[in-house]
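Pasted below: run-v7.tsv, TSV, C-alpha atoms.
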chain	number	residue	atom	x	y	z
A	1	MET	CA	51.23	144.29	48.57
A	2	ARG	CA	52.66	141.78	46.13
A	3	PRO	CA	53.20	143.14	42.61
A	4	HIS	CA	51.48	141.64	39.59
A	5	VAL	CA	54.02	139.14	38.23
A	6	GLU	CA	52.92	137.55	34.97
A	7	LEU	CA	54.71	135.85	33.45
A	8	ILE	CA	58.26	134.96	34.52
A	9	GLN	CA	60.52	131.97	33.98
A	10	GLU	CA	62.26	131.38	37.31
A	11	LYS	CA	65.53	130.38	35.59
A	12	ASP	CA	65.91	134.05	34.59
A	13	LEU	CA	66.06	135.16	38.24
A	14	VAL	CA	69.11	135.61	40.51
A	15	TRP	CA	69.84	133.43	43.53
A	16	HIS	CA	69.79	134.77	47.10
A	17	ASP	CA	70.77	133.10	50.35
A	18	ALA	CA	67.69	131.19	51.50
A	19	GLU	CA	65.66	132.86	54.24
A	20	LEU	CA	65.59	129.77	56.46
A	21	HIS	CA	66.59	131.16	59.78
A	22	LYS	CA	67.72	129.08	62.78
A	23	GLY	CA	68.63	126.22	60.42
A	24	GLU	CA	72.02	124.56	59.83
A	25	GLY	CA	73.18	123.90	56.28
A	26	ARG	CA	73.28	125.80	53.00
A	27	ALA	CA	70.42	126.68	50.69
A	28	LYS	CA	69.66	129.31	48.05
A	29	GLN	CA	66.39	130.80	46.86
A	30	ARG	CA	64.89	132.57	43.89
A	31	ASN	CA	62.21	135.11	44.74
A	32	LEU	CA	59.24	134.51	42.50
A	33	SER	CA	57.12	137.11	44.29
A	34	TYR	CA	57.93	139.21	47.35
A	35	ASP	CA	55.75	141.42	49.51
A	36	GLU	CA	58.11	144.08	50.87
A	37	GLU	CA	55.44	145.30	53.30
A	38	ASN	CA	54.82	142.17	55.34
A	39	GLY	CA	57.59	139.83	54.16
A	40	ALA	CA	55.29	137.31	52.46
A	41	ALA	CA	57.03	135.56	49.58
A	42	SER	CA	56.92	132.73	47.09
A	43	THR	CA	60.31	131.18	46.50
A	44	ARG	CA	62.05	128.26	44.87
A	45	VAL	CA	64.67	126.91	47.27
A	46	VAL	CA	67.50	124.52	46.39
A	47	PHE	CA	69.55	122.94	49.19
A	48	ASP	CA	73.22	122.86	48.18
A	49	LYS	CA	74.08	120.94	51.32
A	50	ALA	CA	72.09	118.94	53.85
A	51	TRP	CA	70.04	121.23	56.09
A	52	SER	CA	68.38	120.76	59.46
A	53	ARG	CA	66.48	122.78	62.01
A	54	ALA	CA	65.16	122.07	65.51
A	55	ALA	CA	61.44	122.33	66.30
A	56	GLY	CA	59.81	125.75	66.47
A	57	PHE	CA	57.19	128.05	64.96
A	58	HIS	CA	57.11	130.43	61.98
A	59	SER	CA	56.04	134.08	61.93
A	60	ALA	CA	54.07	133.39	58.73
A	61	ASP	CA	51.75	130.70	57.36
A	62	VAL	CA	54.29	128.50	55.58
A	63	GLU	CA	53.83	125.90	52.83
A	64	TRP	CA	56.45	123.61	51.27
A	65	TYR	CA	55.96	121.67	48.03
A	66	VAL	CA	58.74	119.18	47.25
A	67	MET	CA	59.79	119.08	43.58
A	68	ALA	CA	62.81	116.78	44.08
A	69	GLY	CA	64.81	115.23	46.92
A	70	GLN	CA	63.78	114.43	50.48
A	71	VAL	CA	62.42	116.42	53.40
A	72	LYS	CA	61.90	114.93	56.85
A	73	VAL	CA	59.35	116.62	59.12
A	74	GLY	CA	59.41	114.92	62.50
A	75	ASP	CA	59.15	111.24	61.59
A	76	ARG	CA	57.45	111.83	58.20
A	77	LEU	CA	59.58	111.51	55.08
A	78	LEU	CA	58.40	113.66	52.15
A	79	GLY	CA	59.52	113.12	48.56
A	80	LYS	CA	58.65	114.59	45.19
A	81	GLY	CA	55.03	115.72	45.07
A	82	CYS	CA	54.63	115.96	48.84
A	83	TYR	CA	53.38	119.07	50.61
A	84	PHE	CA	53.22	120.40	54.11
A	85	ARG	CA	51.74	123.52	55.66
A	86	ALA	CA	52.01	125.06	59.10
A	87	PRO	CA	50.09	128.16	60.18
A	88	ALA	CA	52.01	130.95	61.92
A	89	GLY	CA	52.68	130.11	65.57
A	90	LEU	CA	52.20	126.35	65.27
A	91	CYS	CA	55.11	124.25	66.50
A	92	VAL	CA	56.68	122.38	63.56
A	93	PRO	CA	58.72	119.27	64.46
A	94	ALA	CA	62.45	119.18	63.80
A	95	MET	CA	63.26	119.09	60.08
A	96	GLU	CA	66.01	117.54	57.96
A	97	VAL	CA	66.53	118.13	54.25
A	98	ALA	CA	68.83	116.10	51.98
A	99	ALA	CA	71.45	117.86	49.84
A	100	GLY	CA	70.13	118.59	46.34
A	101	THR	CA	66.51	118.88	47.45
A	102	ASP	CA	64.42	121.34	45.42
A	103	VAL	CA	61.27	122.86	46.95
A	104	LEU	CA	58.78	125.67	46.53
A	105	ILE	CA	58.29	127.59	49.79
A	106	PHE	CA	55.36	129.96	50.19
A	107	ARG	CA	55.05	132.39	53.13
A	108	GLU	CA	51.86	134.35	53.73
A	109	TYR	CA	50.84	137.09	56.17
A	110	GLY	CA	54.32	137.33	57.70
A	111	ASP	CA	58.06	137.29	57.12
A	112	TRP	CA	60.88	134.73	57.43
A	113	GLY	CA	60.92	134.80	61.25
A	114	PHE	CA	61.29	131.46	63.05
A	115	SER	CA	61.48	130.84	66.81
A	116	LEU	CA	63.00	127.69	68.21
A	117	SER	CA	60.47	126.18	70.58
A	118	SER	CA	59.02	122.87	71.64
A	119	LYS	CA	55.51	124.29	71.88
A	120	ASN	CA	53.11	126.61	70.05
A	121	ARG	CA	53.41	130.41	70.28
A	122	ALA	CA	50.10	130.66	72.13
A	123	LYS	CA	47.38	128.46	73.59
A	124	PHE	CA	45.24	129.06	70.52
A	125	VAL	CA	46.84	129.09	67.06
A	126	PRO	CA	44.45	130.14	64.26
A	127	ARG	CA	44.23	128.11	61.04
A	128	GLY	CA	45.77	130.95	59.03
A	129	GLY	CA	46.12	134.66	58.47
A	130	ASN	CA	42.92	134.85	56.42
A	131	THR	CA	40.81	132.31	58.26
A	132	VAL	CA	37.35	132.79	59.70
A	133	SER	CA	37.46	129.39	61.37
A	134	GLY	CA	37.36	129.12	65.14
A	135	GLU	CA	39.23	125.80	64.98
A	136	SER	CA	42.85	125.47	65.98
A	137	GLY	CA	45.46	125.43	63.24
A	138	GLU	CA	47.21	122.16	62.53
A	139	LEU	CA	50.10	120.70	60.58
A	140	THR	CA	48.94	119.55	57.14
A	141	ILE	CA	51.00	116.87	55.36
A	142	VAL	CA	49.84	115.52	52.01
A	143	ASP	CA	51.35	113.23	49.36
A	144	SER	CA	49.84	114.38	46.06
A	145	ASN	CA	51.17	111.26	44.30
A	146	THR	CA	48.60	109.09	46.04
A	147	MET	CA	45.66	111.46	45.52
A	148	GLU	CA	43.09	111.06	42.76
A	149	TRP	CA	42.39	113.89	40.33
A	150	LEU	CA	38.96	115.35	41.06
A	151	PRO	CA	36.61	117.22	38.73
A	152	ASN	CA	37.01	120.95	39.11
A	153	LEU	CA	33.87	121.46	41.19
A	154	TYR	CA	35.66	124.37	42.75
A	155	GLU	CA	35.32	126.62	39.73
A	156	GLY	CA	31.88	125.40	38.85
A	157	ASP	CA	30.66	124.70	35.35
A	158	THR	CA	32.67	127.37	33.59
A	159	GLN	CA	35.98	125.50	33.94
A	160	ARG	CA	34.52	122.10	34.68
A	161	PHE	CA	37.05	120.03	32.74
A	162	LEU	CA	40.08	121.14	34.75
A	163	LYS	CA	41.21	118.56	37.34
A	164	LEU	CA	42.51	119.20	40.81
A	165	LYS	CA	44.07	117.69	43.90
A	166	MET	CA	43.26	119.67	47.03
A	167	LEU	CA	46.36	120.16	49.17
A	168	TYR	CA	44.86	122.60	51.64
A	169	PHE	CA	41.38	124.09	51.97
A	170	ASP	CA	40.28	126.61	54.56
A	171	PRO	CA	36.67	127.41	53.72
A	172	PRO	CA	35.58	131.02	53.29
A	173	SER	CA	32.89	132.65	55.33
A	174	PRO	CA	29.47	132.46	53.60
A	175	GLU	CA	29.37	136.27	53.82
A	176	ASP	CA	32.90	136.93	52.56
A	177	ASN	CA	34.47	135.22	49.55
A	178	ASN	CA	37.75	136.92	50.33
A	179	SER	CA	38.37	134.83	53.43
A	180	GLY	CA	39.89	131.37	53.84
A	181	PHE	CA	42.67	129.89	51.71
A	182	VAL	CA	43.11	127.27	49.00
A	183	THR	CA	46.19	125.44	47.71
A	184	VAL	CA	45.70	122.90	44.91
A	185	VAL	CA	47.58	121.06	42.23
A	186	SER	CA	45.67	121.52	39.00
A	187	TRP	CA	45.86	119.66	35.68
A	188	ALA	CA	44.51	121.05	32.44
A	189	PRO	CA	44.22	117.92	30.26
A	190	PRO	CA	45.59	117.90	26.68
A	191	GLY	CA	43.74	120.34	24.44
A	192	TRP	CA	41.73	121.95	27.24
A	193	SER	CA	40.73	125.46	26.19
A	194	ASP	CA	38.69	128.46	27.23
A	195	ASN	CA	38.47	131.38	24.83
A	196	ARG	CA	37.06	133.88	27.35
A	197	MET	CA	38.63	136.33	29.79
A	198	VAL	CA	38.12	135.66	33.49
A	199	HIS	CA	38.80	137.52	36.73
A	200	HIS	CA	38.31	136.64	40.38
A	201	PRO	CA	37.75	138.50	43.67
A	202	VAL	CA	40.87	136.84	45.12
A	203	PHE	CA	44.54	136.64	44.23
A	204	GLU	CA	45.68	133.70	42.16
A	205	GLU	CA	49.21	132.37	42.01
A	206	ALA	CA	50.64	129.43	40.09
A	207	TYR	CA	53.94	127.71	39.38
A	208	CYS	CA	54.00	125.36	36.40
A	209	LEU	CA	55.34	121.90	37.24
A	210	ASP	CA	54.86	120.18	33.89
A	211	GLY	CA	53.44	120.61	30.38
A	212	THR	CA	52.54	123.77	28.51
A	213	MET	CA	49.69	126.23	28.14
A	214	GLU	CA	49.23	129.18	25.78
A	215	TYR	CA	47.24	132.06	27.21
A	216	ASN	CA	46.92	135.80	27.00
A	217	PHE	CA	50.13	136.45	28.97
A	218	GLY	CA	52.23	134.09	26.83
A	219	THR	CA	53.37	130.48	27.12
A	220	THR	CA	53.54	128.87	30.53
A	221	ASN	CA	55.75	125.79	30.85
A	222	ALA	CA	57.80	124.14	33.63
A	223	GLY	CA	59.38	126.80	35.84
A	224	THR	CA	57.13	129.66	34.79
A	225	TYR	CA	55.24	131.49	37.49
A	226	PHE	CA	52.64	134.18	38.03
A	227	PHE	CA	51.22	136.08	40.97
A	228	ARG	CA	48.03	137.77	39.86
A	229	PRO	CA	46.35	140.21	42.26
A	230	ALA	CA	42.58	140.09	42.57
A	231	LYS	CA	40.51	141.33	39.61
A	232	VAL	CA	43.20	141.04	36.94
A	233	LYS	CA	41.71	139.57	33.75
A	234	HIS	CA	43.31	136.49	32.19
A	235	GLY	CA	42.23	133.86	29.71
A	236	HIS	CA	42.34	132.69	26.06
A	237	PHE	CA	43.72	129.35	27.34
A	238	VAL	CA	44.84	126.40	25.22
A	239	SER	CA	46.71	123.65	27.05
A	240	GLY	CA	49.46	121.52	25.50
A	241	ALA	CA	48.47	118.84	22.98
A	242	GLU	CA	50.44	115.98	24.53
A	243	ARG	CA	50.60	116.38	28.33
A	244	GLY	CA	48.33	119.32	29.01
A	245	TRP	CA	49.50	121.59	31.85
A	246	THR	CA	50.10	120.90	35.55
A	247	GLY	CA	50.83	123.46	38.26
A	248	ILE	CA	50.41	124.37	41.89
A	249	PHE	CA	47.85	127.10	42.60
A	250	ARG	CA	47.27	129.27	45.67
A	251	LEU	CA	44.25	131.50	46.31
A	252	ASP	CA	43.38	133.72	49.27
A	253	GLY	CA	39.69	132.92	49.27
A	254	SER	CA	36.94	131.39	47.21
A	255	LEU	CA	37.44	131.34	43.47
A	256	ILE	CA	34.58	132.89	41.56
A	257	ASN	CA	34.92	133.21	37.79
A	258	TRP	CA	33.66	136.54	36.49
A	259	ILE	CA	33.60	136.36	32.70
A	260	THR	CA	34.32	139.11	30.16
A	261	THR	CA	33.78	138.83	26.43
A	262	ASN	CA	34.46	141.36	23.66
A	263	GLU	CA	36.98	143.16	25.86
A	264	LYS	CA	38.75	146.29	24.60
A	265	VAL	CA	40.78	149.15	26.04
A	266	ILE	CA	40.30	152.68	24.74
A	267	THR	CA	42.85	155.41	25.51
A	268	GLN	CA	42.34	158.95	24.28
A	269	GLY	CA	44.52	162.05	24.20
A	270	ASP	CA	46.20	164.55	21.88
A	271	ALA	CA	49.90	164.00	21.18
A	272	LEU	CA	51.50	167.47	21.37
A	273	ASN	CA	55.14	166.74	20.62
A	274	TYR	CA	55.46	163.06	19.73
A	275	ASP	CA	54.32	160.59	17.12
A	276	PRO	CA	51.35	158.64	18.54
A	277	GLU	CA	52.07	155.76	16.16
A	278	THR	CA	55.66	155.10	17.25
A	279	GLN	CA	56.15	157.07	20.48
A	280	ALA	CA	52.87	156.56	22.32
A	281	PRO	CA	53.15	155.99	26.10
A	282	VAL	CA	52.49	152.53	27.46
A	283	LEU	CA	49.63	152.01	29.88
A	284	ALA	CA	50.58	151.93	33.54
A	285	GLY	CA	50.14	148.67	35.41
A	286	LEU	CA	52.11	146.34	33.16
A	287	PRO	CA	53.01	143.11	34.98
A	288	VAL	CA	56.53	141.98	35.88
A	289	ARG	CA	58.03	139.82	33.12
A	290	SER	CA	61.38	138.09	32.64
A	291	ARG	CA	63.76	137.60	29.68
A	292	THR	CA	62.43	134.23	28.58
A	293	THR	CA	58.76	135.20	28.59
A	294	GLY	CA	59.60	138.50	26.82
A	295	PRO	CA	57.29	141.48	26.39
A	296	TRP	CA	53.53	141.06	26.69
A	297	ASP	CA	51.62	141.52	23.46
A	298	LEU	CA	48.76	143.07	25.51
A	299	ASP	CA	46.33	140.32	24.54
A	300	GLY	CA	43.38	140.48	26.90
A	301	GLN	CA	44.37	143.78	28.46
B	1	MET	CA	31.64	123.98	45.77
B	2	SER	CA	28.26	122.61	44.91
B	3	GLU	CA	26.68	119.48	43.50
B	4	HIS	CA	24.15	121.20	41.25
B	5	LYS	CA	23.30	119.79	37.82
B	6	VAL	CA	26.14	120.55	35.42
B	7	ASP	CA	25.37	123.25	32.88
B	8	LEU	CA	27.98	123.04	30.13
B	9	SER	CA	26.31	125.84	28.20
B	10	GLN	CA	28.28	128.14	30.51
B	11	ILE	CA	31.33	127.27	28.40
B	12	ARG	CA	31.55	127.96	24.68
B	13	GLY	CA	30.65	125.21	22.28
B	14	ASP	CA	27.89	122.63	22.10
B	15	TRP	CA	27.80	119.05	23.40
B	16	HIS	CA	29.72	117.77	20.37
B	17	PHE	CA	32.46	120.38	20.91
B	18	HIS	CA	32.98	119.19	24.49
B	19	THR	CA	32.75	115.53	23.47
B	20	ARG	CA	35.49	116.04	20.88
B	21	TYR	CA	37.63	117.68	23.57
B	22	VAL	CA	37.09	114.75	25.99
B	23	THR	CA	37.83	112.21	23.25
B	24	ASN	CA	41.07	113.94	22.28
B	25	ALA	CA	42.20	114.38	25.90
B	26	MET	CA	41.61	110.66	26.56
B	27	ASP	CA	43.34	109.68	23.31
B	28	GLN	CA	46.46	111.74	24.09
B	29	THR	CA	46.63	110.50	27.68
B	30	LEU	CA	46.21	106.85	26.65
B	31	LYS	CA	49.01	107.26	24.10
B	32	ARG	CA	51.30	108.53	26.86
B	33	LEU	CA	50.18	105.73	29.17
B	34	HIS	CA	50.95	103.01	26.59
B	35	LYS	CA	54.25	104.64	25.63
B	36	THR	CA	55.35	104.66	29.29
B	37	TRP	CA	54.23	101.06	29.81
B	38	ARG	CA	56.20	99.91	26.76
B	39	ALA	CA	59.25	101.73	28.15
B	40	LEU	CA	58.78	99.91	31.47
B	41	LEU	CA	58.55	96.55	29.69
B	42	ALA	CA	61.76	97.39	27.84
B	43	GLN	CA	63.46	97.89	31.21
B	44	ALA	CA	62.35	94.50	32.54
B	45	PRO	CA	64.61	93.59	35.49
B	46	ALA	CA	63.60	89.92	35.03
B	47	GLU	CA	61.44	88.05	32.54
B	48	GLY	CA	57.78	88.93	32.92
B	49	GLU	CA	58.39	91.81	35.32
B	50	VAL	CA	58.55	95.59	35.12
B	51	PRO	CA	60.43	97.85	37.56
B	52	MET	CA	58.15	98.40	40.56
B	53	SER	CA	59.55	101.83	41.40
B	54	GLY	CA	61.51	104.69	39.88
B	55	PRO	CA	60.73	107.82	37.85
B	56	LEU	CA	59.33	105.90	34.87
B	57	MET	CA	56.92	103.95	37.07
B	58	GLU	CA	55.88	107.25	38.71
B	59	GLN	CA	55.14	108.66	35.23
B	60	PHE	CA	53.12	105.56	34.39
B	61	LEU	CA	51.11	105.70	37.63
B	62	GLU	CA	50.39	109.39	37.05
B	63	ALA	CA	49.22	108.69	33.50
B	64	CYS	CA	46.91	106.00	34.95
B	65	ARG	CA	45.45	108.47	37.46
B	66	GLN	CA	44.92	111.03	34.71
B	67	THR	CA	43.22	108.44	32.50
B	68	ARG	CA	40.87	107.51	35.32
B	69	ALA	CA	40.11	111.18	35.95
B	70	LEU	CA	39.11	111.62	32.32
B	71	THR	CA	36.56	108.83	32.69
B	72	ASP	CA	34.62	111.29	34.91
B	73	ASP	CA	34.27	113.52	31.84
B	74	ILE	CA	33.04	110.62	29.71
B	75	ARG	CA	30.35	109.93	32.35
B	76	LEU	CA	29.52	113.65	32.39
B	77	MET	CA	29.11	113.77	28.62
B	78	GLY	CA	26.94	110.63	28.76
B	79	GLU	CA	24.71	112.24	31.38
B	80	THR	CA	24.40	115.54	29.50
B	81	GLN	CA	23.90	114.12	26.01
B	82	PRO	CA	20.96	115.90	24.40
B	83	VAL	CA	17.98	113.63	23.74
B	84	PRO	CA	17.27	113.48	19.97
B	85	LYS	CA	13.90	115.02	19.09
B	86	ALA	CA	11.25	112.33	18.50
B	87	ARG	CA	9.78	112.20	14.96
B	88	ARG	CA	6.22	113.50	14.90
B	89	LYS	CA	3.59	110.94	13.86
B	90	PRO	CA	1.51	112.03	10.83
B	91	ARG	CA	-1.87	113.30	11.98
B	92	GLN	CA	-4.88	111.02	11.42
B	93	GLY	CA	-7.08	112.40	8.69
B	94	GLY	CA	-4.39	114.79	7.55
B	95	LYS	CA	-3.64	115.73	3.93
B	96	THR	CA	-1.15	112.83	3.43
B	97	ALA	CA	-3.46	110.28	5.02
B	98	ARG	CA	-6.40	111.45	2.84
B	99	ARG	CA	-4.24	111.24	-0.30
B	100	LYS	CA	-3.12	107.69	0.62
B	101	ALA	CA	-6.69	106.65	1.36
B	102	GLY	CA	-7.83	108.09	-1.99
B	103	ARG	CA	-5.14	106.14	-3.86
B	104	ALA	CA	-6.22	102.91	-2.10
B	105	ARG	CA	-9.89	103.41	-3.16
B	106	LYS	CA	-8.87	103.70	-6.81
In structure tokens, how does this file's structure come out?
Amino acid sequence: MRPHVELIQEKDLVWHDAELHKGEGRAKQRNLSYDEENGAASTRVVFDKAWSRAAGFHSADVEWYVMAGQVKVGDRLLGKGCYFRAPAGLCVPAMEVAAGTDVLIFREYGDWGFSLSSKNRAKFVPRGGNTVSGESGELTIVDSNTMEWLPNLYEGDTQRFLKLKMLYFDPPSPEDNNSGFVTVVSWAPPGWSDNRMVHHPVFEEAYCLDGTMEYNFGTTNAGTYFFRPAKVKHGHFVSGAERGWTGIFRLDGSLINWITTNEKVITQGDALNYDPETQAPVLAGLPVRSRTTGPWDLDGQ
Amino acid sequence: MSEHKVDLSQIRGDWHFHTRYVTNAMDQTLKRLHKTWRALLAQAPAEGEVPMSGPLMEQFLEACRQTRALTDDIRLMGETQPVPKARRKPRQGGKTARRKAGRARK
């Protein structure tokens, strides 16, 4: 289970040695979100020195988004804004990464394990850990720089004016919204707003690449990140006046917006030996924050 | 995802509210686009040319893509613009018509 992280600035976090096993070179990572049960994680990785690794397969579904530098996957050269994804067990060609390269690496449904191999783990490799598809998994490589922004059909009319570039889409089962997987780059244009509170049946995760947005958990700008488990309310959005807000989103299923208005939280109890005005207990379930984002003012709780 | 008819009433605000949002978003994005283009012209590697690659050109190309994306919203607002209510014709033989007719006889 990943904890509710909302909102952190990744610059506040410590560096660890990067979990890039069977590779040669030196890299460090910041853990944005970590599932200590199955090893899934979302990390920012910076390569201090050139790094390389022979072909093989991961234990987890793995996604890379390049924020700066160069990554070579087989004979494909990926620069800023490029993305690749490999489901667990699929053979990934040999990789080379230039010194100074800066990437986001997301692992899902597994840990950092990597096996050197020139072929897949099994005859049939599923599309992902949450897929309902009977099709074989494949290597996805996308250059978001050359993609057009599309209307946000995905979230329907309620957040119609958001724009997106689909990096990866594994459709859910018609019977189960909590299946499949989605990774998109989303842009909230300047002045975009939504004054309501929303929650979804699936988890939602985002890393801000550019711009700013005010919302109930604070101000999100470049380097801020959240991992929001399913059914956590969020909203009261106003995007930046000049550039809007751009970030990479991941969802473990189909996004449905359930809307709440006039929300309020009522807690009751008799204070026996403390002052309820100044010494009242906080509610359990507060999300992980970091120094820069500071305490949550409980807006939208 | 679906291709049903867009129902903007699912978001707060009326058609004018959304139109003002679209206008402002386009205005801000165009300002950034022009600013970046002027910066490219200022970096002209030779007369009548702008740099064909580099971070500034990437910013410009992205601003162009965003501008084009916002044209989808202009189309959307055009398609969802409420039709103004037609003025009702005065009824034949109504009070006003009878008064007018009476005045004409005098």
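Considering the residues A:Gln268, A:Asn177, A:Gln301, A:Asn152 and counting all atoms listed in the file, chain B has its shortest atom-to-atom contact with A:Asn152.
For the pair atom CA of Val71 of chain A and atom CA of Trp187 of chain A, the separation is 24.5 Å.
The space separating atom CA of Pro190 of chain A from atom CA of Thr146 of chain A comes to 21.5 Å.
Residues within 9 Å of segment 44-58 of chain B, counting all atoms listed in the file and excluding same-chain residues fewer than 6 positions away, are Asn145 of chain A; Thr36 and Trp37 of chain B.
Atom to atom, atom CA of Tyr34 of chain A and atom CA of Val232 of chain A stand 18.1 Å apart.
Within 9 Å of chain B, and using only C-alpha atoms, the residues found on chain A are Asn145, Met147, Glu148, Trp149, Leu150, Pro151, Leu153, Tyr154, Glu155, Gly156, Asp157, Thr158, Gln159, Arg160, Phe161, Lys163, Trp187, Pro189, Pro190, Gly191, Trp192, Ser193, Asp194, Asn195, Arg196, Ala241, Glu242, Arg243 and Gly244 of chain A.
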Write the residues of the selection above to a file with C-alpha atoms, as a PDB file, keeping the file's coordinate frame.
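Generated output (again-v4.pdb):
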ATOM      1  CA  ASN A 145      51.170 111.260  44.300  1.00  0.00           C
ATOM      2  CA  MET A 147      45.660 111.460  45.520  1.00  0.00           C
ATOM      3  CA  GLU A 148      43.090 111.060  42.760  1.00  0.00           C
ATOM      4  CA  TRP A 149      42.390 113.890  40.330  1.00  0.00           C
ATOM      5  CA  LEU A 150      38.960 115.350  41.060  1.00  0.00           C
ATOM      6  CA  PRO A 151      36.610 117.220  38.730  1.00  0.00           C
ATOM      7  CA  LEU A 153      33.870 121.460  41.190  1.00  0.00           C
ATOM      8  CA  TYR A 154      35.660 124.370  42.750  1.00  0.00           C
ATOM      9  CA  GLU A 155      35.320 126.620  39.730  1.00  0.00           C
ATOM     10  CA  GLY A 156      31.880 125.400  38.850  1.00  0.00           C
ATOM     11  CA  ASP A 157      30.660 124.700  35.350  1.00  0.00           C
ATOM     12  CA  THR A 158      32.670 127.370  33.590  1.00  0.00           C
ATOM     13  CA  GLN A 159      35.980 125.500  33.940  1.00  0.00           C
ATOM     14  CA  ARG A 160      34.520 122.100  34.680  1.00  0.00           C
ATOM     15  CA  PHE A 161      37.050 120.030  32.740  1.00  0.00           C
ATOM     16  CA  LYS A 163      41.210 118.560  37.340  1.00  0.00           C
ATOM     17  CA  TRP A 187      45.860 119.660  35.680  1.00  0.00           C
ATOM     18  CA  PRO A 189      44.220 117.920  30.260  1.00  0.00           C
ATOM     19  CA  PRO A 190      45.590 117.900  26.680  1.00  0.00           C
ATOM     20  CA  GLY A 191      43.740 120.340  24.440  1.00  0.00           C
ATOM     21  CA  TRP A 192      41.730 121.950  27.240  1.00  0.00           C
ATOM     22  CA  SER A 193      40.730 125.460  26.190  1.00  0.00           C
ATOM     23  CA  ASP A 194      38.690 128.460  27.230  1.00  0.00           C
ATOM     24  CA  ASN A 195      38.470 131.380  24.830  1.00  0.00           C
ATOM     25  CA  ARG A 196      37.060 133.880  27.350  1.00  0.00           C
ATOM     26  CA  ALA A 241      48.470 118.840  22.980  1.00  0.00           C
ATOM     27  CA  GLU A 242      50.440 115.980  24.530  1.00  0.00           C
ATOM     28  CA  ARG A 243      50.600 116.380  28.330  1.00  0.00           C
ATOM     29  CA  GLY A 244      48.330 119.320  29.010  1.00  0.00           C
TER      30      GLY A 244
END
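Within 7 Å of the point (40.3, 135.7, 58.3) in file coordinates, and counting all atoms listed in the file, lie the residues Gly129, Asn130, Thr131, Val132, Ser179 and Gly180 of chain A.
Shortest separation to Tyr215 of chain A among A:His200, A:Arg26, A:Lys233, A:Lys165 occurs at residue A:Lys233, atoms counted being all atoms listed in the file.
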Can you report as JSON the centre and edge lengths in Å, to one decimal, of an axis-aligned box around the listed atoms of segment 74-79 of chain A padded with 6 Å on each side?
{"center_x": 58.5, "center_y": 113.1, "center_z": 55.5, "size_x": 14.1, "size_y": 15.7, "size_z": 25.9}
**OP:** Using only C-alpha atoms, determine which residues lie at most 10 Å from Gly113 of chain A, disregarding the query and same-chain residues fewer than 6 positions distant; provide the list as a VMD selection string.
**Re:** chain A and resid 19 to 22 39 57 to 60 88
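Across B:His34, B:Phe17, B:Thr23, B:Ala86, the tightest approach to Thr71 of chain B is made by B:Thr23 when counting all atoms listed in the file.
Look at everything within 9 Å of (58.8, 133.7, 27.3) using all atoms listed in the file, and the residues you get are A:Leu7, A:Ile8, A:Gln9, A:Gly218, A:Thr219, A:Thr220, A:Thr224, A:Arg289, A:Ser290, A:Arg291, A:Thr292, A:Thr293, A:Gly294, A:Pro295.
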Just to be explicit: take each residue in the selection above, keep C-alpha atoms, and write the result as an mmCIF file, in the coordinates of the input.
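part.cif, written as the output of this step:
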data_model
loop_
_atom_site.group_PDB
_atom_site.id
_atom_site.type_symbol
_atom_site.label_atom_id
_atom_site.label_comp_id
_atom_site.auth_asym_id
_atom_site.auth_seq_id
_atom_site.Cartn_x
_atom_site.Cartn_y
_atom_site.Cartn_z
ATOM 1 C CA LEU A 7 54.710 135.850 33.450
ATOM 2 C CA ILE A 8 58.260 134.960 34.520
ATOM 3 C CA GLN A 9 60.520 131.970 33.980
ATOM 4 C CA GLY A 218 52.230 134.090 26.830
ATOM 5 C CA THR A 219 53.370 130.480 27.120
ATOM 6 C CA THR A 220 53.540 128.870 30.530
ATOM 7 C CA THR A 224 57.130 129.660 34.790
ATOM 8 C CA ARG A 289 58.030 139.820 33.120
ATOM 9 C CA SER A 290 61.380 138.090 32.640
ATOM 10 C CA ARG A 291 63.760 137.600 29.680
ATOM 11 C CA THR A 292 62.430 134.230 28.580
ATOM 12 C CA THR A 293 58.760 135.200 28.590
ATOM 13 C CA GLY A 294 59.600 138.500 26.820
ATOM 14 C CA PRO A 295 57.290 141.480 26.390
#
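Neighbours of Arg85 of chain A closer than or equal to 10 Å, with all atoms listed in the file counted and sequence neighbours fewer than 6 positions away skipped, come out as Asp61, Val62, Glu63, Trp64, Tyr65, Val92, Ile105, Phe106, Arg107, Glu138, Leu139, Thr140, Ile141, Val142, Leu167, Tyr168 and Thr183 of chain A.
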Subject >> Who sits within 7 Å of Val185 of chain A, only C-alpha atoms, same chain under 2 positions skipped, as JSON, numbers by chain >> reply: {"A": [164, 165, 166, 187, 247, 248, 249]}
Original post:
Residues at most 12 Å from Ala94 of chain A, counting all atoms listed in the file, excluding those fewer than 6 positions away in the same chain, as a PyMOL selection string?
Top reply: chain A and resi 22-24+51-57+71-77+116-119
Same residues, C-alpha atoms, saved as a compact mmCIF listing (two decimals), in the frame of the given file:
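Full text of part_11.txt as output:
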# COMPACT_ATOMS: atom_id res chain seq x y z
CA LYS A 22 67.72 129.08 62.78
CA GLY A 23 68.63 126.22 60.42
CA GLU A 24 72.02 124.56 59.83
CA TRP A 51 70.04 121.23 56.09
CA SER A 52 68.38 120.76 59.46
CA ARG A 53 66.48 122.78 62.01
CA ALA A 54 65.16 122.07 65.51
CA ALA A 55 61.44 122.33 66.30
CA GLY A 56 59.81 125.75 66.47
CA PHE A 57 57.19 128.05 64.96
CA VAL A 71 62.42 116.42 53.40
CA LYS A 72 61.90 114.93 56.85
CA VAL A 73 59.35 116.62 59.12
CA GLY A 74 59.41 114.92 62.50
CA ASP A 75 59.15 111.24 61.59
CA ARG A 76 57.45 111.83 58.20
CA LEU A 77 59.58 111.51 55.08
CA LEU A 116 63.00 127.69 68.21
CA SER A 117 60.47 126.18 70.58
CA SER A 118 59.02 122.87 71.64
CA LYS A 119 55.51 124.29 71.88
